[in-house]
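S.K.: I'm passing along protein-v2.cif; it holds mmCIF, C-alpha atoms.
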data_my_file
#
loop_
_atom_site.label_atom_id
_atom_site.label_comp_id
_atom_site.auth_asym_id
_atom_site.auth_seq_id
_atom_site.Cartn_x
_atom_site.Cartn_y
_atom_site.Cartn_z
CA MET M 1 16.34 -43.28 -21.11
CA SER M 2 19.03 -40.67 -20.56
CA ILE M 3 16.69 -37.94 -21.81
CA PHE M 4 14.14 -38.48 -19.03
CA ARG M 5 16.49 -37.67 -16.16
CA PRO M 6 17.28 -34.09 -17.39
CA MET M 7 13.60 -33.59 -18.23
CA MET M 8 12.54 -34.59 -14.73
CA ALA M 9 15.22 -32.34 -13.21
CA LEU M 10 13.96 -29.43 -15.32
CA LEU M 11 10.36 -30.12 -14.30
CA VAL M 12 11.28 -30.16 -10.62
CA ALA M 13 13.29 -26.95 -11.03
CA LEU M 14 10.31 -25.24 -12.71
CA LEU M 15 7.94 -26.37 -9.98
CA LEU M 16 10.29 -25.18 -7.25
CA ALA M 17 10.79 -21.81 -8.97
CA ALA M 18 7.01 -21.30 -9.06
CA CYS M 19 6.74 -22.02 -5.35
CA SER M 20 9.75 -20.04 -4.07
CA ALA M 21 9.10 -18.39 -0.74
CA SER M 22 9.22 -14.67 -0.19
CA ASN M 23 12.61 -13.17 0.40
CA MET M 24 12.66 -11.17 3.57
CA GLY M 25 15.07 -8.51 4.73
CA GLN M 26 14.76 -7.11 8.19
CA MET M 27 16.33 -4.23 10.03
CA ALA M 28 15.25 -2.50 13.19
CA VAL M 29 16.15 0.57 15.18
CA ASP M 30 15.44 0.72 18.89
CA GLU M 31 14.19 3.75 20.83
CA ASN M 32 17.78 4.96 21.34
CA GLY M 33 18.26 5.14 17.59
CA GLU M 34 20.66 2.20 17.44
CA MET M 35 20.42 -0.54 14.85
CA VAL M 36 19.68 -3.71 16.67
CA THR M 37 19.19 -6.32 13.98
CA GLN M 38 20.80 -7.21 10.69
CA VAL M 39 19.52 -8.28 7.32
CA HIS M 40 17.96 -11.73 7.33
CA SER M 41 16.73 -13.73 4.41
CA ASN M 42 15.10 -17.08 3.88
CA ASN M 43 16.14 -16.96 0.24
CA SER M 44 19.71 -15.95 -0.49
CA LEU M 45 19.00 -14.71 -4.03
CA LEU M 46 17.39 -11.34 -3.23
CA ALA M 47 19.59 -10.83 -0.16
CA SER M 48 22.70 -11.29 -2.28
CA ARG M 49 21.53 -8.67 -4.76
CA LEU M 50 19.89 -6.13 -2.46
CA SER M 51 21.46 -4.41 0.50
CA ILE M 52 20.58 -1.52 2.80
CA ALA M 53 23.23 1.15 2.25
CA ASP M 54 21.87 3.66 4.72
CA LEU M 55 19.13 3.86 7.31
CA ARG M 56 17.83 7.07 8.86
CA GLN M 57 15.00 8.16 11.08
CA LYS M 58 13.71 11.44 12.40
CA LYS M 59 10.65 12.83 14.10
CA VAL M 60 8.24 14.84 11.98
CA GLY M 61 6.05 16.48 14.58
CA ASP M 62 5.58 13.51 16.86
CA LEU M 63 5.57 10.87 14.11
CA LEU M 64 8.54 8.66 13.32
CA TYR M 65 9.73 9.14 9.72
CA VAL M 66 12.16 6.63 8.29
CA GLN M 67 14.26 6.38 5.17
CA ALA M 68 16.21 3.40 3.88
CA THR M 69 18.62 3.65 0.98
CA LEU M 70 18.56 0.37 -0.88
CA GLU M 71 21.36 -0.69 -3.19
CA ASN M 72 20.96 -3.07 -6.09
CA GLY M 73 24.33 -4.76 -6.40
CA TRP M 74 23.16 -6.81 -9.36
CA LYS M 75 23.84 -5.59 -12.90
CA PHE M 76 20.25 -6.17 -14.01
CA ARG M 77 16.93 -4.56 -13.11
CA LEU M 78 15.55 -5.65 -9.77
CA ASP M 79 11.79 -5.81 -9.26
CA PHE M 80 10.69 -6.28 -5.67
CA GLN M 81 8.36 -5.07 -2.92
CA TYR M 82 9.05 -3.60 0.48
CA LYS M 83 7.02 -3.02 3.59
CA ILE M 84 7.96 -0.94 6.62
CA LYS M 85 6.51 -2.21 9.87
CA PHE M 86 6.28 0.06 12.90
CA PHE M 87 6.27 -1.04 16.54
CA ASP M 88 5.47 0.70 19.79
CA ALA M 89 7.74 0.74 22.86
CA ASP M 90 6.36 -2.61 23.99
CA GLY M 91 7.11 -4.25 20.66
CA PHE M 92 3.52 -4.39 19.43
CA GLU M 93 3.18 -3.89 15.69
CA LEU M 94 1.10 -0.84 14.77
CA GLU M 95 -1.71 -1.32 12.29
CA PRO M 96 -0.22 -4.43 10.67
CA GLU M 97 -3.02 -4.69 8.14
CA ALA M 98 -2.72 -1.07 7.08
CA GLN M 99 0.84 -1.30 5.79
CA PRO M 100 0.85 -2.37 2.14
CA TRP M 101 3.64 -3.95 0.16
CA ARG M 102 5.02 -1.19 -2.06
CA GLN M 103 6.42 -1.94 -5.47
CA VAL M 104 9.95 -0.85 -6.36
CA VAL M 105 11.78 -1.24 -9.64
CA MET M 106 15.52 -0.52 -9.47
CA ALA M 107 17.87 -0.24 -12.40
CA GLY M 108 21.00 -2.40 -12.36
CA ARG M 109 23.68 -1.25 -9.92
CA SER M 110 21.64 1.64 -8.59
CA MET M 111 20.50 3.06 -5.29
CA ASN M 112 16.99 4.04 -4.32
CA SER M 113 15.54 5.56 -1.17
CA VAL M 114 12.29 4.31 0.29
CA LYS M 115 10.45 6.23 2.97
CA ALA M 116 7.51 5.80 5.26
CA ILE M 117 5.91 7.62 8.15
CA ALA M 118 4.60 5.87 11.22
CA PRO M 119 0.83 5.41 11.38
CA ASN M 120 0.64 7.10 14.78
CA PRO M 121 2.87 8.78 17.41
CA SER M 122 3.36 5.64 19.50
CA ALA M 123 5.85 4.17 16.99
CA VAL M 124 9.43 3.95 18.28
CA GLN M 125 10.85 1.05 16.26
CA PHE M 126 10.62 -0.09 12.69
CA GLU M 127 11.59 -2.95 10.44
CA ILE M 128 11.97 -3.12 6.68
CA TRP M 129 10.85 -6.25 4.91
CA VAL M 130 11.47 -7.01 1.27
CA GLN M 131 10.17 -9.72 -0.99
CA GLU M 132 10.29 -10.51 -4.68
CA MET B 18 9.33 -49.64 -20.07
CA GLN B 19 7.68 -49.77 -16.67
CA ARG B 20 9.77 -46.79 -15.58
CA LEU B 21 8.63 -44.80 -18.60
CA LEU B 22 5.03 -45.63 -17.74
CA THR B 23 5.52 -44.40 -14.15
CA ILE B 24 7.01 -41.11 -15.35
CA MET B 25 4.19 -40.60 -17.82
CA MET B 26 1.59 -41.28 -15.10
CA LEU B 27 3.35 -38.81 -12.80
CA GLY B 28 3.32 -36.21 -15.58
CA ALA B 29 -0.37 -36.84 -16.24
CA ALA B 30 -1.15 -36.51 -12.54
CA LEU B 31 0.67 -33.15 -12.41
CA VAL B 32 -1.20 -31.88 -15.48
CA LEU B 33 -4.57 -33.02 -14.15
CA SER B 34 -3.96 -31.55 -10.69
CA GLY B 35 -3.44 -28.19 -12.43
CA CYS B 36 -7.04 -28.32 -13.63
CA ALA B 37 -8.60 -28.74 -10.18
CA SER B 38 -10.40 -25.60 -8.95
CA LYS B 39 -9.42 -24.29 -5.55
CA VAL B 40 -10.44 -21.39 -3.32
CA ASP B 41 -7.84 -19.98 -1.00
CA TYR B 42 -7.21 -16.90 1.15
CA GLY B 43 -4.39 -14.60 0.12
CA ASP B 44 -2.52 -11.68 1.62
CA ALA B 45 -4.81 -8.63 1.21
CA GLN B 46 -1.70 -6.42 1.23
CA GLY B 47 0.14 -8.56 -1.30
CA ARG B 48 0.84 -7.59 -4.90
CA GLU B 49 -2.09 -8.14 -7.23
CA THR B 50 -1.26 -8.34 -10.95
CA VAL B 51 -4.20 -10.20 -12.44
CA ASN B 52 -4.44 -7.66 -15.25
CA THR B 53 -3.63 -3.99 -15.91
CA ASP B 54 -6.95 -2.71 -14.53
CA PHE B 55 -6.95 -0.64 -11.37
CA GLY B 56 -6.51 -3.04 -8.45
CA SER B 57 -6.01 -3.36 -4.72
CA THR B 58 -2.25 -2.83 -4.91
CA ASP B 59 -2.79 0.44 -6.79
CA LEU B 60 -5.31 1.61 -4.20
CA GLN B 61 -2.99 0.77 -1.32
CA MET B 62 0.05 2.40 -2.96
CA ILE B 63 -1.89 5.59 -3.69
CA ALA B 64 -3.28 5.86 -0.17
CA ALA B 65 0.10 5.17 1.46
CA LYS B 66 1.89 7.73 -0.73
CA MET B 67 -0.70 10.44 -0.16
CA VAL B 68 -0.80 9.98 3.62
CA ASP B 69 3.00 9.80 3.95
CA ASP B 70 3.51 12.94 1.88
CA MET B 71 0.80 14.91 3.63
CA LEU B 72 2.01 14.07 7.13
CA VAL B 73 5.62 15.11 6.44
CA PHE B 74 4.83 18.32 4.53
CA PRO B 75 6.24 21.07 6.84
CA PRO B 76 3.22 23.45 6.77
CA ILE B 77 0.92 20.50 7.55
CA VAL B 78 3.23 19.36 10.37
CA GLN B 79 3.09 22.89 11.78
CA LEU B 80 -0.67 23.07 11.33
CA THR B 81 -1.29 19.80 13.16
CA GLN B 82 1.25 20.37 15.92
CA SER B 83 -1.20 21.56 18.54
CA ARG B 84 -4.65 20.89 17.05
CA ARG B 85 -6.52 18.46 14.84
CA PRO B 86 -8.07 20.36 11.90
CA VAL B 87 -11.46 19.20 10.64
CA VAL B 88 -11.56 18.06 7.02
CA PHE B 89 -14.42 17.27 4.68
CA VAL B 90 -13.76 14.84 1.84
CA ASP B 91 -15.22 15.76 -1.51
CA SER B 92 -15.41 13.24 -4.33
CA ILE B 93 -12.46 12.26 -6.49
CA LYS B 94 -13.26 12.87 -10.13
CA ASN B 95 -12.71 9.64 -12.04
CA LYS B 96 -11.40 10.58 -15.49
CA THR B 97 -10.19 7.10 -16.35
CA THR B 98 -11.99 4.80 -18.76
CA GLU B 99 -12.55 2.27 -15.99
CA HIS B 100 -15.17 2.07 -13.31
CA VAL B 101 -13.14 2.84 -10.19
CA ASP B 102 -14.64 3.23 -6.73
CA THR B 103 -12.73 6.41 -5.85
CA GLU B 104 -14.61 6.65 -2.56
CA SER B 105 -12.76 3.53 -1.50
CA ILE B 106 -9.45 5.33 -2.08
CA THR B 107 -10.49 8.36 -0.05
CA ASP B 108 -11.91 6.09 2.66
CA THR B 109 -8.50 4.47 3.08
CA ILE B 110 -6.76 7.87 3.10
CA GLN B 111 -9.29 9.18 5.60
CA SER B 112 -8.82 6.18 7.91
CA LYS B 113 -5.04 6.52 7.88
CA LEU B 114 -5.14 10.27 8.55
CA LEU B 115 -7.70 9.82 11.31
CA ASN B 116 -5.64 7.07 12.96
CA SER B 117 -2.52 9.25 12.81
CA GLY B 118 -4.23 11.55 15.31
CA LYS B 119 -3.53 14.58 13.13
CA PHE B 120 -6.89 15.23 11.47
CA ARG B 121 -10.59 14.86 12.16
CA PHE B 122 -13.27 14.45 9.53
CA VAL B 123 -16.90 15.25 8.92
CA ASP B 124 -18.88 12.81 6.80
CA MET B 125 -21.12 14.63 4.33
CA THR B 126 -22.69 11.37 3.14
CA LYS B 127 -24.39 10.97 6.51
CA VAL B 128 -25.85 14.45 6.95
CA GLU B 129 -29.44 13.29 6.35
CA SER B 130 -29.14 10.37 8.77
CA VAL B 131 -27.69 12.67 11.42
CA ARG B 132 -30.51 15.18 10.87
CA GLN B 133 -33.10 12.44 11.29
CA GLN B 134 -31.44 11.28 14.50
CA LEU B 135 -31.27 14.84 15.86
CA ASP B 136 -34.97 15.34 15.01
CA TYR B 137 -35.82 12.09 16.75
CA GLN B 138 -33.85 13.02 19.86
CA SER B 139 -35.33 16.51 20.14
CA GLU B 140 -38.90 15.93 18.93
CA SER B 141 -39.98 12.37 19.67
CA GLY B 142 -40.26 12.91 23.42
CA LEU B 143 -38.64 9.52 23.93
CA VAL B 144 -35.14 10.78 24.64
CA ASP B 145 -34.02 12.30 27.93
CA PRO B 146 -33.45 15.99 27.07
CA ASN B 147 -30.35 16.01 29.31
CA THR B 148 -28.69 13.44 27.08
CA ALA B 149 -30.13 14.53 23.72
CA ALA B 150 -27.64 15.90 21.19
CA GLN B 151 -28.41 19.51 20.39
CA MET B 152 -28.92 21.14 17.03
CA GLY B 153 -26.34 23.60 15.76
CA ARG B 154 -23.42 22.23 17.73
CA GLN B 155 -21.53 20.52 14.94
CA ILE B 156 -18.02 21.71 14.09
CA GLY B 157 -17.52 23.19 10.65
CA ALA B 158 -14.85 21.75 8.39
CA GLU B 159 -11.79 23.92 7.90
CA PHE B 160 -10.40 22.05 4.91
CA MET B 161 -11.73 20.25 1.87
CA MET B 162 -9.96 17.25 0.36
CA TYR B 163 -10.57 16.58 -3.30
CA GLY B 164 -8.80 15.40 -6.41
CA ASN B 165 -8.67 13.76 -9.79
CA PHE B 166 -7.89 10.31 -11.08
CA SER B 167 -6.89 9.98 -14.71
CA SER B 168 -5.33 7.41 -16.99
CA ILE B 169 -3.67 7.06 -20.37
CA VAL B 170 -4.02 3.69 -22.08
CA LYS B 171 -1.95 2.68 -25.09
CA ARG B 172 -1.97 -0.52 -27.10
CA GLU B 173 0.47 -1.72 -29.72
CA GLY B 174 0.25 -5.27 -30.95
CA SER B 175 0.29 -7.54 -27.93
CA THR B 176 1.48 -4.83 -25.55
CA LYS B 177 -0.82 -2.75 -23.36
CA ASP B 178 0.48 0.14 -21.32
CA VAL B 179 -1.60 1.89 -18.67
CA TYR B 180 -0.50 5.03 -16.90
CA TYR B 181 -2.49 6.20 -13.88
CA LYS B 182 -2.20 9.55 -12.16
CA PHE B 183 -3.92 10.29 -8.89
CA THR B 184 -3.92 13.88 -7.66
CA LEU B 185 -5.09 14.92 -4.21
CA LYS B 186 -5.45 18.45 -2.86
CA LEU B 187 -6.23 20.02 0.49
CA MET B 188 -7.94 23.40 0.30
CA ASN B 189 -8.62 25.86 3.09
CA ILE B 190 -12.38 26.39 2.72
CA GLN B 191 -12.34 29.93 4.09
CA THR B 192 -9.41 31.33 2.11
CA GLY B 193 -9.64 29.08 -0.95
CA ILE B 194 -5.90 28.46 -0.74
CA ILE B 195 -4.62 25.00 -1.59
CA GLU B 196 -2.45 24.15 1.39
CA TRP B 197 -1.14 20.84 0.06
CA ALA B 198 -1.27 18.82 -3.14
CA ASN B 199 0.45 15.72 -4.37
CA GLU B 200 0.40 13.12 -7.12
CA LYS B 201 0.96 9.43 -7.40
CA GLU B 202 1.85 7.92 -10.76
CA ILE B 203 1.54 4.24 -11.59
CA ARG B 204 2.59 2.51 -14.80
CA LYS B 205 1.48 -1.01 -15.65
CA THR B 206 2.51 -2.84 -18.79
CA LYS B 207 1.14 -6.11 -20.04
CA THR B 208 2.89 -8.06 -22.75
CA LYS B 209 1.60 -11.34 -24.08
CA SER B 210 4.25 -14.02 -24.08
CA LEU B 211 5.19 -15.89 -27.24
CA PHE B 212 3.07 -18.92 -26.51
CA GLY B 213 0.24 -16.98 -24.87
CA LEU B 214 0.89 -18.64 -21.52
#
Would you mind writing the structure in this file as structure tokens?
M.R.:
Amino acid sequence: MSIFRPMMALLVALLLAACSASNMGQMAVDENGEMVTQVHSNNSLLASRLSIADLRQKKVGDLLYVQATLENGWKFRLDFQYKIKFFDADGFELEPEAQPWRQVVMAGRSMNSVKAIAPNPSAVQFEIWVQE
Amino acid sequence: MQRLLTIMMLGAALVLSGCASKVDYGDAQGRETVNTDFGSTDLQMIAAKMVDDMLVFPPIVQLTQSRRPVVFVDSIKNKTTEHVDTESITDTIQSKLLNSGKFRFVDMTKVESVRQQLDYQSESGLVDPNTAAQMGRQIGAEFMMYGNFSSIVKREGSTKDVYYKFTLKLMNIQTGIIEWANEKEIRKTKTKSLFGL
């Protein structure tokens, strides 16, 4: 009888692992160039391993160009996706269906810069989202 | 004994529910890794990289500062062993560049349709001449966008490795000078697990 309890626990763990929700990180910069939000996550695993070491933005012509330096604090390879969302001055997301999830593979304990340019000149804010 | 029976029934129910077919909507921008063939994620990554790089390249920024150059998109030569709709890649790139407000495009695939419409407007007698589009007023393209798409496929035992390289170039039609070029590389590896699951 004692063997069934660990087996059931393992089965539940496997099922839950298969259904784990996306990890999300979020950071935003307002029109004055000040960071206004922090990293959020609905799954602590990726958030505990990945952090944003640096965040920069500049104008290229009239388009907002952003760069985030991500740091893998884990000693193993980290395989995840990121998406940069851009918003106009009224907080409307620009071309939400045109921004793909981009794949990133980071070596253990390494840093990697990800960049994106706004889809059009009306972008003044951005957010970075990550998921496994 | 009854407990054991309940657990076994629960296990059977889980196994059987795994066999039920189901259709569902997914995130069109989400990662697609069904197999190593060229897929939607590859297309989206290529288009995003090309557009980002082109729009931040200093000579292009300078060029598009005060005007919107007209571009014509030539075909992308597919040198891979797969059937890939390269026009779909350039369509996505074209849409993104157009929506950025930095470039305008002429569509060479619609020349015949446009000619027919112009003929109809000028010759049918059904269209008000004051509103009819006139012949010879189209704007000539200044740049041509073209490129190559190639792949290297290697297999060893149960491992398959695919390397894709997409190259895109922007040429000034009058001078023949390539004003911008960039590449996107993608590597996909498939390894069969021990139990083939």
S.K.: Determine the residue membership of the PyMOL selection byres ((chain M) within 6 of (chain B)) for the file above and supply it as a list in words.
M.R.: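 On the file shown, the PyMOL selection byres ((chain M) within 6 of (chain B)) covers Gly61, Pro100, Trp101, Ile117, Pro119 and Asn120 of chain M.
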S.K.: What gap, in Å, lies between atom CA of Ser105 of chain B and atom CA of Gln155 of chain B?
M.R.: 25.2 Å
S.K.: For Glu99 of chain B, list every protein, DNA or RNA residue within 12 Å, evaluated using all atoms listed in the file, and leave out those in the same chain fewer than 2 positions away; present the list as a list in words.
M.R.: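 After dropping sequence-adjacent residues, the list is Thr53, Asp54, Phe55, Gly56, Asn95, Lys96, Thr97, Val101, Asp102, Thr103, Phe166, Ser167, Ser168, Ile169, Val170, Val179 and Tyr181 of chain B.
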S.K.: Determine the residue set returned by the PyMOL selection byres ((chain B and resi 85-89) around 8) for the present structure, and present it as a PyMOL selection string.
M.R.: chain B and resi 80-81+83-84+90-91+118-125+156-162
S.K.: Any idea what the distance is between atom CA of Leu187 of chain B and atom CA of Ile93 of chain B?
M.R.: 12.2 Å
S.K.: Measuring between only C-alpha atoms, which one of M:Leu50, M:Leu94, M:Ala118, M:Leu45 shows the shortest distance to Leu64 of chain M?
M.R.: M:Ala118
S.K.: Have a look at atom CA of Lys115 of chain M and atom CA of Thr206 of chain B and let me know their distance in Å, one decimal.
M.R.: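 Separating atom CA of Lys115 of chain M from atom CA of Thr206 of chain B is a distance of 24.9 Å.
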S.K.: Would you mind telling me which residue in M:Glu127, M:Glu132, M:Asp90, M:Glu71 lies nearest to Gly108 of chain M when using only C-alpha atoms?
M.R.: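 Smallest distance to Gly108 of chain M is found for M:Glu71.
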S.K.: Evaluate the PyMOL selection byres ((chain M and resi 56) around 8) here and jot the selected residues down as a PyMOL selection string.
M.R.: chain M and resi 54-55+57-58+66-68
